[in-house]
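Trainee: Sharing data23.tsv (TSV, C-alpha atoms and all ligand atoms) below.
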chain	number	residue	atom	x	y	z
A	82	MET	CA	246.12	12.96	112.57
A	83	GLN	CA	247.84	16.33	112.54
A	84	GLU	CA	246.72	18.97	110.09
A	85	ILE	CA	248.80	19.69	106.98
A	86	LYS	CA	249.20	23.39	106.29
A	87	ILE	CA	249.23	24.25	102.62
A	88	GLU	CA	250.97	27.22	101.05
A	89	ARG	CA	250.61	27.22	97.29
A	90	THR	CA	253.23	28.77	95.05
A	91	THR	CA	252.39	32.11	93.48
A	92	ALA	CA	254.94	31.49	90.72
A	93	PRO	CA	254.35	28.07	89.14
A	94	LYS	CA	257.27	26.93	87.00
A	95	PRO	CA	256.77	26.42	83.27
A	96	ARG	CA	256.48	22.74	82.39
A	97	ASP	CA	258.31	23.28	79.15
A	98	TYR	CA	260.23	19.99	78.93
A	99	ASP	CA	259.79	17.39	76.23
A	100	GLU	CA	258.36	14.19	77.78
A	101	HIS	CA	260.24	12.17	75.15
A	102	LYS	CA	263.52	13.49	76.52
A	103	LEU	CA	262.88	13.15	80.24
A	104	GLY	CA	265.94	11.66	81.87
A	105	PHE	CA	266.13	10.93	85.58
A	106	GLY	CA	266.05	13.38	88.46
A	107	ASP	CA	266.78	16.82	86.99
A	108	ILE	CA	263.35	18.47	87.01
A	109	PHE	CA	261.37	19.23	90.18
A	110	THR	CA	257.73	20.17	90.68
A	111	ASP	CA	256.20	23.28	92.28
A	112	HIS	CA	255.71	22.01	95.84
A	113	MET	CA	257.29	19.88	98.54
A	114	PHE	CA	256.16	18.38	101.81
A	115	VAL	CA	258.12	19.24	104.96
A	116	MET	CA	257.78	18.12	108.58
A	117	ASP	CA	260.14	18.65	111.56
A	118	TYR	CA	261.03	16.41	114.44
A	119	TYR	CA	262.04	17.96	117.76
A	120	GLU	CA	263.06	15.93	120.76
A	121	GLY	CA	260.20	16.08	123.25
A	122	LYS	CA	257.66	17.22	120.62
A	123	GLY	CA	257.80	14.46	118.01
A	124	TRP	CA	257.07	15.00	114.30
A	125	VAL	CA	255.29	18.35	114.02
A	126	ASP	CA	254.53	21.26	111.71
A	127	ALA	CA	253.52	19.22	108.66
A	128	ARG	CA	253.30	21.52	105.65
A	129	ILE	CA	253.19	21.63	101.88
A	130	VAL	CA	255.14	24.64	100.67
A	131	PRO	CA	256.58	25.95	97.39
A	132	TYR	CA	259.56	23.86	96.23
A	133	GLY	CA	262.81	25.61	96.99
A	134	PRO	CA	266.12	25.69	98.89
A	135	ILE	CA	266.04	24.92	102.61
A	136	PRO	CA	268.03	26.93	105.16
A	137	LEU	CA	270.71	24.69	106.66
A	138	ASP	CA	273.27	25.60	109.31
A	139	PRO	CA	276.82	24.73	108.13
A	140	ALA	CA	277.08	22.68	111.33
A	141	ALA	CA	273.90	20.67	110.50
A	142	MET	CA	274.75	17.15	111.60
A	143	VAL	CA	273.77	15.50	108.31
A	144	LEU	CA	276.56	17.41	106.57
A	145	HIS	CA	279.16	15.93	108.88
A	146	TYR	CA	278.03	12.49	109.96
A	147	ALA	CA	275.51	11.55	107.27
A	148	GLN	CA	272.53	10.75	109.51
A	149	GLU	CA	270.14	10.49	106.55
A	150	VAL	CA	267.65	8.06	105.05
A	151	PHE	CA	265.58	8.18	101.88
A	152	GLU	CA	263.02	6.35	99.78
A	153	GLY	CA	262.16	6.10	96.11
A	154	MET	CA	258.70	5.46	94.70
A	155	LYS	CA	256.62	6.57	91.73
A	156	ALA	CA	253.22	7.96	90.76
A	157	TYR	CA	251.88	6.78	87.41
A	158	ARG	CA	249.38	8.37	85.02
A	159	ARG	CA	246.84	5.79	83.90
A	160	ALA	CA	245.35	5.79	80.41
A	161	ASP	CA	242.08	7.14	81.90
A	162	GLY	CA	244.01	10.16	83.24
A	163	LYS	CA	243.86	9.09	86.89
A	164	ILE	CA	247.03	8.88	88.98
A	165	GLN	CA	248.13	5.94	91.10
A	166	LEU	CA	250.97	4.93	93.42
A	167	PHE	CA	252.55	1.49	93.58
A	168	ARG	CA	252.75	-0.19	97.01
A	169	PRO	CA	253.57	3.10	98.78
A	170	GLU	CA	252.86	1.66	102.23
A	171	ARG	CA	255.88	-0.61	101.69
A	172	ASN	CA	258.12	2.39	101.12
A	173	PHE	CA	257.07	4.07	104.35
A	174	ALA	CA	257.51	0.79	106.22
A	175	ARG	CA	261.03	0.50	104.77
A	176	LEU	CA	261.71	4.13	105.70
A	177	ASN	CA	261.02	3.21	109.32
A	178	LEU	CA	263.30	0.19	109.01
A	179	SER	CA	266.09	2.49	107.83
A	180	ASN	CA	265.16	5.00	110.56
A	181	GLU	CA	265.59	2.37	113.24
A	182	ARG	CA	269.12	1.54	112.09
A	183	LEU	CA	270.16	5.20	111.88
A	184	CYS	CA	268.64	6.28	115.25
A	185	ILE	CA	266.03	8.41	113.49
A	186	PRO	CA	262.63	8.62	115.21
A	187	LYS	CA	259.96	6.62	113.41
A	188	VAL	CA	257.34	8.37	111.31
A	189	ASP	CA	253.60	7.67	111.27
A	190	GLU	CA	253.40	5.65	108.05
A	191	ALA	CA	249.68	6.22	107.44
A	192	PHE	CA	250.07	9.97	107.95
A	193	CYS	CA	253.04	10.13	105.57
A	194	LEU	CA	250.99	8.36	102.91
A	195	GLU	CA	248.14	10.85	103.33
A	196	ALA	CA	250.63	13.73	103.10
A	197	LEU	CA	252.16	12.24	99.96
A	198	LYS	CA	248.76	11.81	98.30
A	199	LYS	CA	247.94	15.45	99.05
A	200	LEU	CA	251.27	16.60	97.62
A	201	VAL	CA	250.85	14.57	94.42
A	202	GLU	CA	247.28	15.86	94.08
A	203	ILE	CA	248.52	19.47	94.30
A	204	ASP	CA	251.26	18.82	91.72
A	205	ALA	CA	249.09	16.45	89.63
A	206	ASP	CA	249.74	18.36	86.41
A	207	TRP	CA	253.40	17.36	86.70
A	208	VAL	CA	252.67	13.63	86.38
A	209	PRO	CA	253.75	12.83	82.81
A	210	SER	CA	251.62	10.64	80.59
A	211	LEU	CA	253.94	9.38	77.87
A	212	GLU	CA	254.65	5.63	77.96
A	213	GLY	CA	257.66	4.89	80.16
A	214	THR	CA	257.44	8.12	82.15
A	215	SER	CA	256.30	8.67	85.74
A	216	LEU	CA	256.59	11.04	88.68
A	217	TYR	CA	259.49	9.91	90.87
A	218	ILE	CA	258.88	10.52	94.58
A	219	ARG	CA	261.80	11.08	96.91
A	220	PRO	CA	261.04	11.22	100.63
A	221	PHE	CA	264.14	11.80	102.79
A	222	ILE	CA	265.03	12.62	106.38
A	223	ILE	CA	268.06	14.65	107.45
A	224	ALA	CA	269.58	15.53	110.81
A	225	VAL	CA	269.65	19.30	111.06
A	226	ASP	CA	270.74	20.38	114.54
A	227	PRO	CA	273.95	22.40	114.45
A	228	HIS	CA	276.31	20.23	116.49
A	229	LEU	CA	279.72	18.68	115.88
A	230	GLY	CA	279.66	15.92	118.49
A	231	VAL	CA	278.78	12.47	117.21
A	232	ARG	CA	275.32	11.57	118.55
A	233	PRO	CA	271.82	11.08	117.15
A	234	ALA	CA	270.20	14.40	116.22
A	235	ASN	CA	267.43	16.07	118.22
A	236	HIS	CA	266.08	18.03	115.28
A	237	LEU	CA	265.41	16.34	111.95
A	238	MET	CA	263.43	17.18	108.83
A	239	LEU	CA	261.36	14.91	106.62
A	240	ILE	CA	261.01	16.31	103.12
A	241	ILE	CA	259.25	14.84	100.08
A	242	ILE	CA	260.15	16.14	96.63
A	243	LEU	CA	258.77	15.09	93.23
A	244	SER	CA	260.45	14.76	89.87
A	245	PRO	CA	258.93	13.83	86.48
A	246	VAL	CA	261.20	11.12	85.02
A	247	GLY	CA	261.83	8.84	82.07
A	248	ALA	CA	264.16	5.83	82.09
A	249	TYR	CA	266.89	5.71	84.77
A	250	TYR	CA	269.49	4.23	82.45
A	251	PRO	CA	269.98	5.89	79.07
A	252	GLU	CA	269.79	2.34	77.67
A	253	GLY	CA	266.06	2.22	78.63
A	254	LEU	CA	264.90	-1.37	78.22
A	255	ASN	CA	268.03	-2.27	76.24
A	256	PRO	CA	270.39	-4.58	78.14
A	257	VAL	CA	273.06	-2.94	80.33
A	258	LYS	CA	276.67	-4.04	80.74
A	259	ILE	CA	277.66	-4.72	84.34
A	260	TYR	CA	281.11	-4.99	85.88
A	261	VAL	CA	281.58	-7.48	88.73
A	262	GLU	CA	283.42	-5.54	91.44
A	263	LYS	CA	286.44	-7.29	92.94
A	264	ASN	CA	288.24	-4.57	94.88
A	265	TYR	CA	285.66	-2.43	96.62
A	266	VAL	CA	282.77	-3.52	98.83
A	267	ARG	CA	279.46	-1.77	99.41
A	268	ALA	CA	278.29	-3.19	102.72
A	269	VAL	CA	278.72	-6.00	105.23
A	270	LYS	CA	276.29	-7.72	107.54
A	271	GLY	CA	275.83	-5.63	110.66
A	272	GLY	CA	276.44	-2.49	108.60
A	273	MET	CA	273.80	-0.46	106.78
A	274	GLY	CA	273.47	-2.32	103.49
A	275	PHE	CA	269.81	-3.19	104.09
A	276	THR	CA	268.88	0.46	104.65
A	277	LYS	CA	268.31	3.22	102.16
A	278	THR	CA	270.86	5.73	103.37
A	279	GLY	CA	273.01	8.08	101.33
A	280	GLY	CA	276.26	6.60	102.67
A	281	ASN	CA	275.64	3.32	100.83
A	282	TYR	CA	275.49	5.24	97.57
A	283	ALA	CA	278.56	7.36	98.43
A	284	ALA	CA	280.41	4.07	99.01
A	285	SER	CA	279.51	2.97	95.48
A	286	LEU	CA	280.75	6.01	93.55
A	287	LYS	CA	284.42	5.08	93.16
A	288	ALA	CA	283.63	1.62	91.80
A	289	GLN	CA	280.93	3.04	89.50
A	290	ASP	CA	283.40	5.61	88.17
A	291	GLU	CA	285.97	2.93	87.40
A	292	ALA	CA	283.30	0.76	85.75
A	293	HIS	CA	282.23	3.72	83.59
A	294	ASP	CA	285.86	4.20	82.51
A	295	GLN	CA	285.70	0.66	81.10
A	296	ASN	CA	282.36	1.30	79.40
A	297	TYR	CA	280.21	-0.55	81.93
A	298	THR	CA	276.97	0.99	83.25
A	299	GLN	CA	277.10	-0.23	86.86
A	300	VAL	CA	278.87	-2.64	89.17
A	301	LEU	CA	277.63	-5.91	90.61
A	302	TRP	CA	278.61	-6.09	94.28
A	303	LEU	CA	279.95	-9.23	95.89
A	304	ASP	CA	279.74	-9.88	99.64
A	305	GLY	CA	282.26	-7.98	101.73
A	306	VAL	CA	283.70	-10.98	103.57
A	307	GLU	CA	284.43	-13.72	101.05
A	308	ARG	CA	284.07	-11.50	97.96
A	309	ARG	CA	282.25	-14.39	96.40
A	310	TYR	CA	278.49	-14.17	96.91
A	311	ILE	CA	276.43	-11.93	94.65
A	312	GLU	CA	274.63	-9.08	96.45
A	313	GLU	CA	273.08	-6.31	94.35
A	314	VAL	CA	273.77	-3.70	91.69
A	315	GLY	CA	273.70	-0.59	93.90
A	316	THR	CA	270.66	0.94	92.23
A	317	MET	CA	268.83	-2.35	91.77
A	318	ASN	CA	268.47	-5.95	92.98
A	319	VAL	CA	269.50	-8.76	90.63
A	320	PHE	CA	267.90	-11.90	89.27
A	321	PHE	CA	269.39	-14.72	87.18
A	322	LYS	CA	267.51	-17.39	85.27
A	323	ILE	CA	269.60	-20.53	85.53
A	324	ASP	CA	268.40	-23.72	83.92
A	325	GLY	CA	264.73	-22.75	84.23
A	326	GLU	CA	264.93	-21.48	87.81
A	327	VAL	CA	265.05	-17.81	88.76
A	328	VAL	CA	267.59	-17.11	91.50
A	329	THR	CA	268.01	-13.89	93.47
A	330	PRO	CA	270.32	-13.31	96.44
A	331	ALA	CA	268.65	-13.87	99.82
A	332	LEU	CA	268.25	-10.82	102.07
A	333	GLU	CA	270.77	-11.50	104.81
A	334	GLY	CA	271.43	-7.99	106.09
A	335	SER	CA	273.69	-6.37	103.52
A	336	ILE	CA	271.26	-6.12	100.59
A	337	LEU	CA	268.38	-3.67	100.14
A	338	GLY	CA	264.97	-5.36	100.33
A	339	GLY	CA	263.61	-3.94	97.09
A	340	ILE	CA	259.86	-3.51	96.66
A	341	THR	CA	260.19	-4.20	92.94
A	342	ARG	CA	262.26	-7.27	93.90
A	343	ALA	CA	259.45	-8.54	96.17
A	344	SER	CA	256.88	-7.82	93.45
A	345	CYS	CA	258.90	-9.73	90.81
A	346	ILE	CA	259.11	-12.74	93.12
A	347	GLU	CA	255.34	-12.67	93.70
A	348	ILE	CA	254.59	-12.32	89.98
A	349	LEU	CA	256.98	-15.13	89.03
A	350	LYS	CA	255.48	-17.43	91.67
A	351	SER	CA	251.97	-16.64	90.41
A	352	TRP	CA	253.10	-17.86	86.98
A	353	GLY	CA	254.46	-21.07	88.49
A	354	VAL	CA	258.07	-20.14	87.64
A	355	PRO	CA	260.44	-21.66	90.22
A	356	VAL	CA	262.09	-18.84	92.21
A	357	SER	CA	264.72	-19.23	94.83
A	358	GLU	CA	266.11	-16.64	97.25
A	359	ARG	CA	269.47	-18.00	98.21
A	360	ARG	CA	273.20	-17.40	98.24
A	361	LEU	CA	274.60	-17.42	94.72
A	362	ALA	CA	278.38	-17.44	94.27
A	363	ILE	CA	279.91	-15.69	91.27
A	364	ASP	CA	281.88	-18.84	90.41
A	365	GLU	CA	278.62	-20.85	90.44
A	366	LEU	CA	277.13	-18.29	88.07
A	367	TYR	CA	280.16	-18.52	85.80
A	368	ALA	CA	279.99	-22.33	85.80
A	369	ALA	CA	276.30	-22.10	84.82
A	370	TYR	CA	277.28	-19.68	82.05
A	371	GLU	CA	279.96	-22.03	80.73
A	372	ALA	CA	277.49	-24.91	80.80
A	373	GLY	CA	275.08	-22.84	78.72
A	374	LYS	CA	272.56	-22.70	81.60
A	375	LEU	CA	272.61	-18.96	82.33
A	376	GLU	CA	269.53	-18.02	80.33
A	377	GLU	CA	268.70	-14.46	81.47
A	378	ALA	CA	269.80	-11.81	83.93
A	379	PHE	CA	268.06	-8.61	84.96
A	380	GLY	CA	268.01	-5.96	87.64
A	381	SER	CA	264.90	-4.65	89.40
A	382	GLY	CA	264.27	-1.35	91.14
A	383	THR	CA	261.83	1.54	91.38
A	384	ALA	CA	264.02	3.80	89.28
A	385	ALA	CA	265.37	1.08	86.97
A	386	VAL	CA	262.07	-0.93	86.79
A	387	ILE	CA	263.31	-4.11	85.02
A	388	SER	CA	266.71	-3.65	83.46
A	389	PRO	CA	268.01	-6.58	81.41
A	390	ILE	CA	271.69	-7.40	81.81
A	391	GLY	CA	273.35	-8.25	78.51
A	392	GLU	CA	276.92	-8.63	79.67
A	393	LEU	CA	278.81	-9.31	82.90
A	394	LYS	CA	282.56	-8.83	83.20
A	395	TRP	CA	284.20	-10.78	86.02
A	396	GLY	CA	287.98	-10.24	85.97
A	397	ASP	CA	289.08	-11.26	82.50
A	398	LYS	CA	285.95	-13.34	81.93
A	399	ILE	CA	283.08	-11.94	79.93
A	400	MET	CA	279.61	-13.45	80.12
A	401	THR	CA	277.34	-12.46	77.25
A	402	ILE	CA	273.82	-13.26	78.32
A	403	ASN	CA	271.06	-14.16	75.83
A	404	ASN	CA	273.19	-12.71	73.00
A	405	GLY	CA	273.11	-9.33	74.72
A	406	GLU	CA	269.36	-9.13	74.11
A	407	ILE	CA	266.40	-8.86	76.47
A	408	GLY	CA	265.15	-12.33	77.40
A	409	PRO	CA	261.51	-13.43	77.11
A	410	LEU	CA	260.99	-13.71	80.88
A	411	SER	CA	262.51	-10.27	81.56
A	412	GLN	CA	260.28	-8.78	78.86
A	413	LYS	CA	257.18	-10.50	80.24
A	414	LEU	CA	257.97	-9.31	83.78
A	415	TYR	CA	258.54	-5.76	82.53
A	416	ASP	CA	255.25	-5.81	80.62
A	417	THR	CA	253.34	-7.20	83.59
A	418	LEU	CA	254.84	-4.91	86.22
A	419	THR	CA	254.53	-1.75	84.16
A	420	GLY	CA	251.11	-2.89	82.92
A	421	ILE	CA	249.92	-2.92	86.55
A	422	GLN	CA	251.74	0.33	87.38
A	423	TRP	CA	250.32	2.24	84.42
A	424	GLY	CA	246.87	0.74	84.92
A	425	LYS	CA	246.85	-1.15	81.61
A	426	LEU	CA	246.52	-4.55	83.27
A	427	GLU	CA	244.14	-5.60	85.99
A	428	ASP	CA	245.80	-5.25	89.39
A	429	THR	CA	245.04	-8.75	90.66
A	430	PHE	CA	247.64	-8.32	93.44
A	431	HIS	CA	245.98	-5.15	94.83
A	432	TRP	CA	249.25	-3.22	94.74
A	433	THR	CA	248.09	0.09	93.32
A	434	CYS	CA	246.84	2.99	95.39
A	435	PRO	CA	244.75	5.70	93.72
A	436	ILE	CA	245.51	9.35	94.45
A	437	ASP	CA	241.93	10.56	94.20
A	501	LIG	C1	265.22	3.72	93.41
A	501	LIG	O1	265.19	2.79	92.62
A	501	LIG	O2	264.21	4.35	93.75
A	501	LIG	C2	266.46	4.16	94.02
A	501	LIG	O3	266.40	4.72	95.08
A	501	LIG	C3	267.72	3.97	93.30
A	501	LIG	C4	268.39	5.24	93.12
A	501	LIG	C5	269.47	5.58	94.01
A	501	LIG	C6	268.07	6.11	92.02
Would you mind writing the structure in this file as structure tokens?
Mentor:
Amino acid sequence: MQEIKIERTTAPKPRDYDEHKLGFGDIFTDHMFVMDYYEGKGWVDARIVPYGPIPLDPAAMVLHYAQEVFEGMKAYRRADGKIQLFRPERNFARLNLSNERLCIPKVDEAFCLEALKKLVEIDADWVPSLEGTSLYIRPFIIAVDPHLGVRPANHLMLIIILSPVGAYYPEGLNPVKIYVEKNYVRAVKGGMGFTKTGGNYAASLKAQDEAHDQNYTQVLWLDGVERRYIEEVGTMNVFFKIDGEVVTPALEGSILGGITRASCIEILKSWGVPVSERRLAIDELYAAYEAGKLEEAFGSGTAAVISPIGELKWGDKIMTINNGEIGPLSQKLYDTLTGIQWGKLEDTFHWTCPID
């Protein structure tokens, strides 16, 4: 394994924020991890350096053609003060899946995990301890060679930054209102929907803006071909409890394979709750709603954790789910998942990864 050079900051930032008021993604720690890729040399020059701006040529390819991938994971402060990650090896495996689709050279997953642990250890004081808070970890790779022709880059940078966070949605664990998108699409099979790349999120902004104008938190995407099958909510995967069975859209190429999604499925199965990964049409969901069989709905994601859905608007039809309140299964899943993540429950699945 290559050596990681460490340059510690001589000017640590004051950690003068109120943990009760931590939002999402505005505060950054003292250090970051950086590594370069050069054609012919591979990934080299691994280093932990003071957090700060990076020099970027205005012709850097990422600025023009968006050759970029990213990940999102979290470090949690346990009650005993120790810090742990949640299934981080899955994030680096998914990073390589995204890399493959975007012609980005693969990274050494085990090395990246070691580098991340070192970085979190150095910035350990930034991991918040209040219930519901964590240290959000954002690894990303950008194409940096200055070149205006369209081709895969020869020089890329992998950077990992850290951000102490609270809840992603201001609603916290209160149910969100979601708008079913009819006009815009996020991704199609054969495209990049299954990857974590910035372009997928850029594609979602217009719809999100219009949903906000109508007082909805996010949009629910339908498939790009028939505009009928439920896909995901842009920043999270979705689950519906219909007549006792939990249904989530199958991963068929246009949906992100969420690690929280996979964990929810495993937890539900361990409880003996029937779970099905399949195509679910919006009209089927509405029919279930009308028949009184749509019992709960929630989103899952690293940032969003478990986010109950209290209302869905599909055209002129409004579905109010579980009286706009969090359902018992969503609550139990939230308690179990966060219980494991914050080290309050025994990790029978072996998902957590200690930092020290
Ligand atoms: C995450 O849940 O980690 C995400 O990456 C969603 C996001 C774009 C904040």
Trainee: How would you write, as a list in words, the set of residues no farther than 9 Å from ligand LIG 501 (chain A) when counting all atoms listed in the file?
Mentor: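 Using all atoms listed in the file, everything at most 9 Å from ligand LIG 501 (chain A) comes to Phe105, Gly106, Phe151, Glu152, Gly153, Met154, Lys155, Tyr217, Ile218, Arg219, Tyr249, Lys277, Gly279, Tyr282, Gly315, Thr316, Met317, Gly339, Thr341, Ser381, Gly382, Thr383, Ala384, Ala385 and Val386 of chain A.
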Trainee: Leu393 (chain A): which residues within 12 Å, counting only C-alpha atoms, same-chain residues fewer than 3 positions away excluded, as a PyMOL selection string?
Mentor: chain A and resi 256-262+292+296-302+314+321+363+366-367+370+375+377-379+389-390+396-405
Trainee: Quote the spacing between CA of Leu418 (chain A) and CA of Glu392 (chain A) in Å to one decimal place.
Mentor: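 Between CA of Leu418 (chain A) and CA of Glu392 (chain A) the gap works out to 23.3 Å.
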Trainee: Within 8 Å of region 324-328 of chain A, counting all atoms listed in the file, which residues show up once you throw out same-chain ones fewer than 6 positions away? Write them as an mmCIF file with C-alpha atoms, keeping the file's coordinate frame, please.
Mentor:
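So around_23.cif came out as:
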data_model
loop_
_atom_site.group_PDB
_atom_site.id
_atom_site.type_symbol
_atom_site.label_atom_id
_atom_site.label_comp_id
_atom_site.auth_asym_id
_atom_site.auth_seq_id
_atom_site.Cartn_x
_atom_site.Cartn_y
_atom_site.Cartn_z
ATOM 1 C CA VAL A 354 258.070 -20.140 87.640
ATOM 2 C CA PRO A 355 260.440 -21.660 90.220
ATOM 3 C CA VAL A 356 262.090 -18.840 92.210
ATOM 4 C CA SER A 357 264.720 -19.230 94.830
ATOM 5 C CA GLU A 358 266.110 -16.640 97.250
ATOM 6 C CA ARG A 359 269.470 -18.000 98.210
ATOM 7 C CA LEU A 361 274.600 -17.420 94.720
ATOM 8 C CA LYS A 374 272.560 -22.700 81.600
ATOM 9 C CA LEU A 375 272.610 -18.960 82.330
ATOM 10 C CA GLU A 376 269.530 -18.020 80.330
#
Trainee: Quick check, in Å to one decimal: how far apart do CA of Gln412 (chain A) and CA of Leu176 (chain A) lie?
Mentor: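 Spanning CA of Gln412 (chain A) to CA of Leu176 (chain A) is a straight-line distance of 29.8 Å.
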Trainee: Here is a test: counting all atoms listed in the file, which residue of A:Cys345, A:Met142, A:Leu410, A:Leu337 is nearest to Arg175 (chain A)?
Mentor: A:Leu337
Trainee: Point out the residue among A:Trp432, A:Phe109, A:Tyr310, A:Phe320 with the least atom-to-atom distance to Asp204 (chain A), counting all atoms listed in the file.
Mentor: A:Phe109
Trainee: Select, counting only C-alpha atoms, all protein, DNA and RNA residues no farther than 12 Å from (269.1, 12.7, 75.9) in file coordinates, and express the selection as a list in words.
Mentor: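 Protein, DNA and RNA residues close to (269.1, 12.7, 75.9): Tyr98, Asp99, Glu100, His101, Lys102, Leu103, Gly104, Phe105, Gly247, Ala248, Tyr249, Tyr250, Pro251, Glu252 and Gly253 of chain A.
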Trainee: Given all atoms listed in the file as the basis, pick out the residue of A:Gly230, A:Gly133, A:Gly373, A:Gly305 nearest to Arg267 (chain A).
Mentor: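 With all atoms listed in the file as the atom set, the closest residue is A:Gly305.
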Trainee: With a distance cut-off of 8 Å and all atoms listed in the file, select the neighbouring residues of Arg128 (chain A), excluding the residue or stretch itself and same-chain residues fewer than 3 positions from it, and output the selection as a list in words.
Mentor: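 In the requested form, the answer reads Ile85, Lys86, Ile87, Glu88, Phe114, Val115 and Met116 of chain A.
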Trainee: Using only C-alpha atoms - which residues lie no farther than 10 Å from the point (250.8, 17.2, 96.5) in the file's frame? Write them as a short mmCIF file (atom, residue, chain, number, x, y, z; two decimals) with C-alpha atoms, in the frame of the given file.
Mentor:
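Saved the output as part16.cif:
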data_model
loop_
_atom_site.label_atom_id
_atom_site.label_comp_id
_atom_site.auth_asym_id
_atom_site.auth_seq_id
_atom_site.Cartn_x
_atom_site.Cartn_y
_atom_site.Cartn_z
CA ILE A 87 249.23 24.25 102.62
CA THR A 110 257.73 20.17 90.68
CA ASP A 111 256.20 23.28 92.28
CA HIS A 112 255.71 22.01 95.84
CA MET A 113 257.29 19.88 98.54
CA PHE A 114 256.16 18.38 101.81
CA ILE A 129 253.19 21.63 101.88
CA VAL A 130 255.14 24.64 100.67
CA GLU A 195 248.14 10.85 103.33
CA ALA A 196 250.63 13.73 103.10
CA LEU A 197 252.16 12.24 99.96
CA LYS A 198 248.76 11.81 98.30
CA LYS A 199 247.94 15.45 99.05
CA LEU A 200 251.27 16.60 97.62
CA VAL A 201 250.85 14.57 94.42
CA GLU A 202 247.28 15.86 94.08
CA ILE A 203 248.52 19.47 94.30
CA ASP A 204 251.26 18.82 91.72
CA ALA A 205 249.09 16.45 89.63
CA ILE A 241 259.25 14.84 100.08
CA ILE A 242 260.15 16.14 96.63
CA LEU A 243 258.77 15.09 93.23
CA ILE A 436 245.51 9.35 94.45
#
Trainee: Which one of A:Pro220, A:Pro186, A:Pro245, A:Gly213 sits closest to Tyr118 (chain A) if you count only C-alpha atoms?
Mentor: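 Looking at the shortest contact to Tyr118 (chain A), the residue is A:Pro186.
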Trainee: May I ask for the distance between CA of Ala127 (chain A) and CA of Thr91 (chain A), given in Å to one decimal place?
Mentor: 19.9 Å
Trainee: So, counting all atoms listed in the file, which residue among A:Gly123, A:Asn180, A:Ser335, A:Ser215 is closest to Gln165 (chain A)?
Mentor: A:Ser215
Trainee: Please give the centre and size of the box around region 229-233 of chain A (axis-aligned, containing every atom listed in the file, 3 Å added per side), with values in Å to one decimal and written as JSON.
Mentor:
{"center_x": 275.8, "center_y": 14.9, "center_z": 117.2, "size_x": 13.9, "size_y": 13.6, "size_z": 8.7}
Trainee: From the set A:Phe430, A:Tyr415, A:Trp352, A:Trp423, which residue has the shortest atom-to-atom contact distance to Leu211 (chain A), counting all atoms listed in the file?
Mentor: A:Trp423
Trainee: Give me the residues near Ala191 (chain A) as a count of residues only, where near means some atom within 12 Å (using only C-alpha atoms) and where sequence neighbours in that chain fewer than 2 positions away do not count.
Mentor: 18
Trainee: List the neighbours of His145 (chain A) out to 12 Å using only C-alpha atoms; skip same-chain residues closer than 4 positions along the sequence, and give me the result as a PyMOL selection string.
Mentor: chain A and resi 138-141+149+223-232+234+280
Trainee: Just to be explicit: take each residue in the selection above, keep C-alpha atoms, and write the result as a PDB file, in the coordinates of the input.
Mentor:
ATOM      1  CA  ASP A 138     273.270  25.600 109.310  1.00  0.00           C
ATOM      2  CA  PRO A 139     276.820  24.730 108.130  1.00  0.00           C
ATOM      3  CA  ALA A 140     277.080  22.680 111.330  1.00  0.00           C
ATOM      4  CA  ALA A 141     273.900  20.670 110.500  1.00  0.00           C
ATOM      5  CA  GLU A 149     270.140  10.490 106.550  1.00  0.00           C
ATOM      6  CA  ILE A 223     268.060  14.650 107.450  1.00  0.00           C
ATOM      7  CA  ALA A 224     269.580  15.530 110.810  1.00  0.00           C
ATOM      8  CA  VAL A 225     269.650  19.300 111.060  1.00  0.00           C
ATOM      9  CA  ASP A 226     270.740  20.380 114.540  1.00  0.00           C
ATOM     10  CA  PRO A 227     273.950  22.400 114.450  1.00  0.00           C
ATOM     11  CA  HIS A 228     276.310  20.230 116.490  1.00  0.00           C
ATOM     12  CA  LEU A 229     279.720  18.680 115.880  1.00  0.00           C
ATOM     13  CA  GLY A 230     279.660  15.920 118.490  1.00  0.00           C
ATOM     14  CA  VAL A 231     278.780  12.470 117.210  1.00  0.00           C
ATOM     15  CA  ARG A 232     275.320  11.570 118.550  1.00  0.00           C
ATOM     16  CA  ALA A 234     270.200  14.400 116.220  1.00  0.00           C
ATOM     17  CA  GLY A 280     276.260   6.600 102.670  1.00  0.00           C
TER      18      GLY A 280
END
